[in-house]
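**Q** Sharing coords_29.cif below, mmCIF, C-alpha atoms:
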data_my_file
#
loop_
_atom_site.group_PDB
_atom_site.id
_atom_site.type_symbol
_atom_site.label_atom_id
_atom_site.label_comp_id
_atom_site.auth_asym_id
_atom_site.auth_seq_id
_atom_site.Cartn_x
_atom_site.Cartn_y
_atom_site.Cartn_z
ATOM 1 C CA GLU A 283 37.447 69.727 181.729
ATOM 2 C CA GLN A 284 36.211 70.005 178.162
ATOM 3 C CA ARG A 285 37.121 73.148 176.229
ATOM 4 C CA GLN A 286 35.679 74.730 173.125
ATOM 5 C CA ILE A 287 37.729 74.419 169.945
ATOM 6 C CA ARG A 288 37.111 76.949 167.194
ATOM 7 C CA ALA A 289 36.880 75.731 163.600
ATOM 8 C CA ASP A 290 39.863 77.882 162.647
ATOM 9 C CA GLU A 291 42.010 76.099 165.258
ATOM 10 C CA ILE A 292 41.420 72.843 163.387
ATOM 11 C CA GLY A 293 42.051 74.502 160.067
ATOM 12 C CA GLY A 294 38.544 74.212 158.646
ATOM 13 C CA TYR A 295 35.924 76.717 157.709
ATOM 14 C CA HIS A 296 32.383 76.132 156.491
ATOM 15 C CA SER A 297 33.343 76.891 152.903
ATOM 16 C CA GLU A 298 36.132 74.281 153.044
ATOM 17 C CA ILE A 299 33.872 71.453 154.221
ATOM 18 C CA VAL A 300 32.725 69.798 150.990
ATOM 19 C CA ASP A 301 31.385 66.443 149.847
ATOM 20 C CA GLU A 302 33.087 64.104 147.371
ATOM 21 C CA ASN A 303 31.818 66.285 144.491
ATOM 22 C CA GLY A 304 33.217 69.506 145.951
ATOM 23 C CA ILE A 305 29.786 70.752 147.029
ATOM 24 C CA PRO A 306 29.749 72.545 150.409
ATOM 25 C CA TYR A 307 27.776 70.756 153.116
ATOM 26 C CA PRO A 308 24.606 72.497 154.194
ATOM 27 C CA GLY A 309 24.032 73.597 157.746
ATOM 28 C CA ARG A 310 26.246 74.079 160.739
ATOM 29 C CA ILE A 311 29.638 72.511 161.250
ATOM 30 C CA GLU A 312 30.530 70.810 164.526
ATOM 31 C CA ALA A 313 33.653 69.172 165.908
ATOM 32 C CA HIS A 314 33.362 65.427 166.529
ATOM 33 C CA HIS A 315 35.640 63.491 168.890
ATOM 34 C CA ILE A 316 37.392 60.703 166.964
ATOM 35 C CA ASP A 317 38.088 58.862 170.222
ATOM 36 C CA LYS A 318 34.886 59.249 172.229
ATOM 37 C CA TYR A 319 35.033 61.884 174.946
ATOM 38 C CA HIS A 320 33.187 59.694 177.447
ATOM 39 C CA ASP A 321 35.740 56.914 176.806
ATOM 40 C CA GLY A 322 38.633 59.230 177.633
ATOM 41 C CA GLY A 323 39.090 60.860 174.215
ATOM 42 C CA LYS A 324 40.739 64.244 174.572
ATOM 43 C CA THR A 325 39.288 67.522 173.315
ATOM 44 C CA GLU A 326 42.404 68.308 171.329
ATOM 45 C CA ILE A 327 42.810 69.260 167.703
ATOM 46 C CA GLU A 328 44.407 65.899 166.867
ATOM 47 C CA ASN A 329 41.266 64.096 168.118
ATOM 48 C CA MET A 330 38.684 66.255 166.364
ATOM 49 C CA LEU A 331 36.938 65.976 163.021
ATOM 50 C CA LEU A 332 34.834 68.769 161.509
ATOM 51 C CA VAL A 333 31.495 67.539 160.165
ATOM 52 C CA ASP A 334 28.139 69.068 159.376
ATOM 53 C CA ILE A 335 25.589 68.605 162.166
ATOM 54 C CA VAL A 336 23.563 66.007 160.233
ATOM 55 C CA SER A 337 26.644 63.849 159.619
ATOM 56 C CA HIS A 338 27.600 64.373 163.275
ATOM 57 C CA ALA A 339 24.292 62.853 164.369
ATOM 58 C CA ILE A 340 24.759 59.929 161.958
ATOM 59 C CA LEU A 341 28.301 59.273 163.255
ATOM 60 C CA HIS A 342 26.934 58.873 166.788
ATOM 61 C CA LEU A 343 24.065 56.705 165.594
ATOM 62 C CA ILE A 344 26.230 54.270 163.618
ATOM 63 C CA SER A 345 28.856 54.132 166.382
ATOM 64 C CA ASP A 346 26.142 52.890 168.781
ATOM 65 C CA ASP A 347 26.209 56.018 170.926
ATOM 66 C CA PRO A 348 22.494 56.796 171.430
ATOM 67 C CA TYR A 349 23.088 59.263 174.275
ATOM 68 C CA SER A 350 25.328 61.516 172.152
ATOM 69 C CA PHE A 351 23.044 61.032 169.130
ATOM 70 C CA LYS A 352 20.129 62.433 171.146
ATOM 71 C CA LYS A 353 22.262 65.390 172.302
ATOM 72 C CA VAL A 354 23.158 66.295 168.712
ATOM 73 C CA VAL A 355 19.572 65.851 167.465
ATOM 74 C CA ALA A 356 18.326 68.147 170.246
ATOM 75 C CA ARG A 357 20.452 70.973 168.741
ATOM 76 C CA MET A 358 19.171 70.488 165.198
ATOM 77 C CA THR A 359 16.812 72.841 163.369
ATOM 78 C CA GLN A 360 13.729 71.570 161.540
ATOM 79 C CA GLU A 361 15.632 71.810 158.245
ATOM 80 C CA GLU A 362 18.513 69.759 159.642
ATOM 81 C CA LEU A 363 16.090 67.145 161.000
ATOM 82 C CA ALA A 364 14.470 66.962 157.545
ATOM 83 C CA GLU A 365 17.936 66.379 156.014
ATOM 84 C CA LEU A 366 18.586 63.603 158.553
ATOM 85 C CA HIS A 367 15.342 61.893 157.505
ATOM 86 C CA LYS A 368 16.133 62.493 153.829
ATOM 87 C CA ARG A 369 19.389 60.558 154.349
ATOM 88 C CA GLY A 370 17.365 57.630 155.728
ATOM 89 C CA TYR A 371 17.836 58.097 159.480
#
Could you show the structure in this file as structure tokens?

**A**
Amino acid sequence: EQRQIRADEIGGYHSEIVDENGIPYPGRIEAHHIDKYHDGGKTEIENMLLVDIVSHAILHLISDDPYSFKKVVARMTQEELAELHKRGY
């Protein structure tokens, strides 16, 4: 059974998620399974990575996981979709 993990359990907050220039990422932050959940990856803090929703979609796209990519995209706002397209995806 999959459980919800709060951002504070992982040790990250929106204001702490920044790019290489120290600029906070726009949009919502989601937890991404490092080892894919559908391949047996556990929903545990050690297997989670906090990313903004646009980067989350890109991670699933480049890891050849179209099903999960579509699930993430379905949750995105128009602004987040525009950012995805702006990044070339």

**Q** If the PyMOL selection byres ((chain A and resi 356-369) around 8) is run on the structure shown, which residues does it catch, given as a list in words?

**A**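 Checking the PyMOL selection byres ((chain A and resi 356-369) around 8) against this file, the residues are Gly309, Ile335, Val336, Ile340, Lys352, Lys353, Val354, Val355, Gly370 and Tyr371 of chain A.
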
**Q** Can you list, as a compact mmCIF listing (two decimals) with C-alpha atoms, in the coordinates of the input, every protein, DNA or RNA residue that comes within 10 Å of Ser337 of chain A when you count only C-alpha atoms, leaving out same-chain residues fewer than 5 positions away?

**A**
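Resulting contents of out_3.txt:
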# COMPACT_ATOMS: atom_id res chain seq x y z
CA TYR A 307 27.78 70.76 153.12
CA ILE A 311 29.64 72.51 161.25
CA GLU A 312 30.53 70.81 164.53
CA HIS A 314 33.36 65.43 166.53
CA LEU A 332 34.83 68.77 161.51
CA HIS A 342 26.93 58.87 166.79
CA LEU A 343 24.06 56.70 165.59
CA GLU A 365 17.94 66.38 156.01
CA LEU A 366 18.59 63.60 158.55
CA ARG A 369 19.39 60.56 154.35

**Q** For Ser345 of chain A, please output as a compact mmCIF listing (two decimals) with C-alpha atoms, in the coordinates of the input all residues within 12 Å (counting only C-alpha atoms; exclusion window: fewer than 4 positions along the same chain).

**A**
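Below is the file that was written, part06.txt:
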# COMPACT_ATOMS: atom_id res chain seq x y z
CA HIS A 315 35.64 63.49 168.89
CA ILE A 316 37.39 60.70 166.96
CA ASP A 317 38.09 58.86 170.22
CA LYS A 318 34.89 59.25 172.23
CA HIS A 338 27.60 64.37 163.28
CA ALA A 339 24.29 62.85 164.37
CA ILE A 340 24.76 59.93 161.96
CA LEU A 341 28.30 59.27 163.26
CA TYR A 349 23.09 59.26 174.28
CA SER A 350 25.33 61.52 172.15
CA PHE A 351 23.04 61.03 169.13

**Q** For a test of reading the model, state the distance in Å between atom CA of Pro348 of chain A and atom CA of His320 of chain A, rounded to one decimal.

**A**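 Computing it gives 12.6 Å between the two atoms.
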
**Q** Model the absent atoms of segment 340-360 of chain A so that N, CA and C atoms are present, and write the result as a compact mmCIF listing (two decimals), in the frame of the given file.

**A**
# COMPACT_ATOMS: atom_id res chain seq x y z
N ILE A 340 24.63 61.26 162.55
CA ILE A 340 24.76 59.93 161.96
C ILE A 340 25.97 59.20 162.51
N LEU A 341 27.10 59.90 162.68
CA LEU A 341 28.30 59.27 163.26
C LEU A 341 28.01 58.67 164.62
N HIS A 342 27.26 59.40 165.46
CA HIS A 342 26.93 58.87 166.79
C HIS A 342 25.95 57.72 166.70
N LEU A 343 25.04 57.77 165.75
CA LEU A 343 24.06 56.70 165.59
C LEU A 343 24.74 55.41 165.15
N ILE A 344 25.60 55.49 164.13
CA ILE A 344 26.23 54.27 163.62
C ILE A 344 27.34 53.76 164.53
N SER A 345 27.83 54.60 165.43
CA SER A 345 28.86 54.13 166.38
C SER A 345 28.21 53.64 167.68
N ASP A 346 26.90 53.42 167.64
CA ASP A 346 26.14 52.89 168.78
C ASP A 346 26.33 53.76 170.03
N ASP A 347 26.09 55.04 169.85
CA ASP A 347 26.21 56.02 170.93
C ASP A 347 24.90 56.81 171.01
N PRO A 348 23.81 56.14 171.45
CA PRO A 348 22.49 56.80 171.43
C PRO A 348 22.40 58.04 172.30
N TYR A 349 23.14 58.08 173.40
CA TYR A 349 23.09 59.26 174.28
C TYR A 349 23.60 60.50 173.53
N SER A 350 24.76 60.39 172.89
CA SER A 350 25.33 61.52 172.15
C SER A 350 24.49 61.84 170.92
N PHE A 351 23.92 60.81 170.27
CA PHE A 351 23.04 61.03 169.13
C PHE A 351 21.88 61.94 169.53
N LYS A 352 21.25 61.63 170.67
CA LYS A 352 20.13 62.43 171.15
C LYS A 352 20.55 63.87 171.47
N LYS A 353 21.77 64.04 172.01
CA LYS A 353 22.26 65.39 172.30
C LYS A 353 22.44 66.20 171.02
N VAL A 354 22.96 65.58 169.98
CA VAL A 354 23.16 66.30 168.71
C VAL A 354 21.80 66.62 168.09
N VAL A 355 20.90 65.64 168.06
CA VAL A 355 19.57 65.85 167.46
C VAL A 355 18.83 66.98 168.18
N ALA A 356 19.01 67.09 169.48
CA ALA A 356 18.33 68.15 170.25
C ALA A 356 18.76 69.55 169.81
N ARG A 357 19.95 69.67 169.21
CA ARG A 357 20.45 70.97 168.74
C ARG A 357 20.04 71.29 167.30
N MET A 358 19.44 70.34 166.62
CA MET A 358 19.17 70.49 165.20
C MET A 358 17.92 71.32 164.93
N THR A 359 17.97 72.08 163.83
CA THR A 359 16.81 72.84 163.37
C THR A 359 15.86 71.90 162.63
N GLN A 360 14.68 72.37 162.30
CA GLN A 360 13.73 71.57 161.54
C GLN A 360 14.30 71.18 160.17
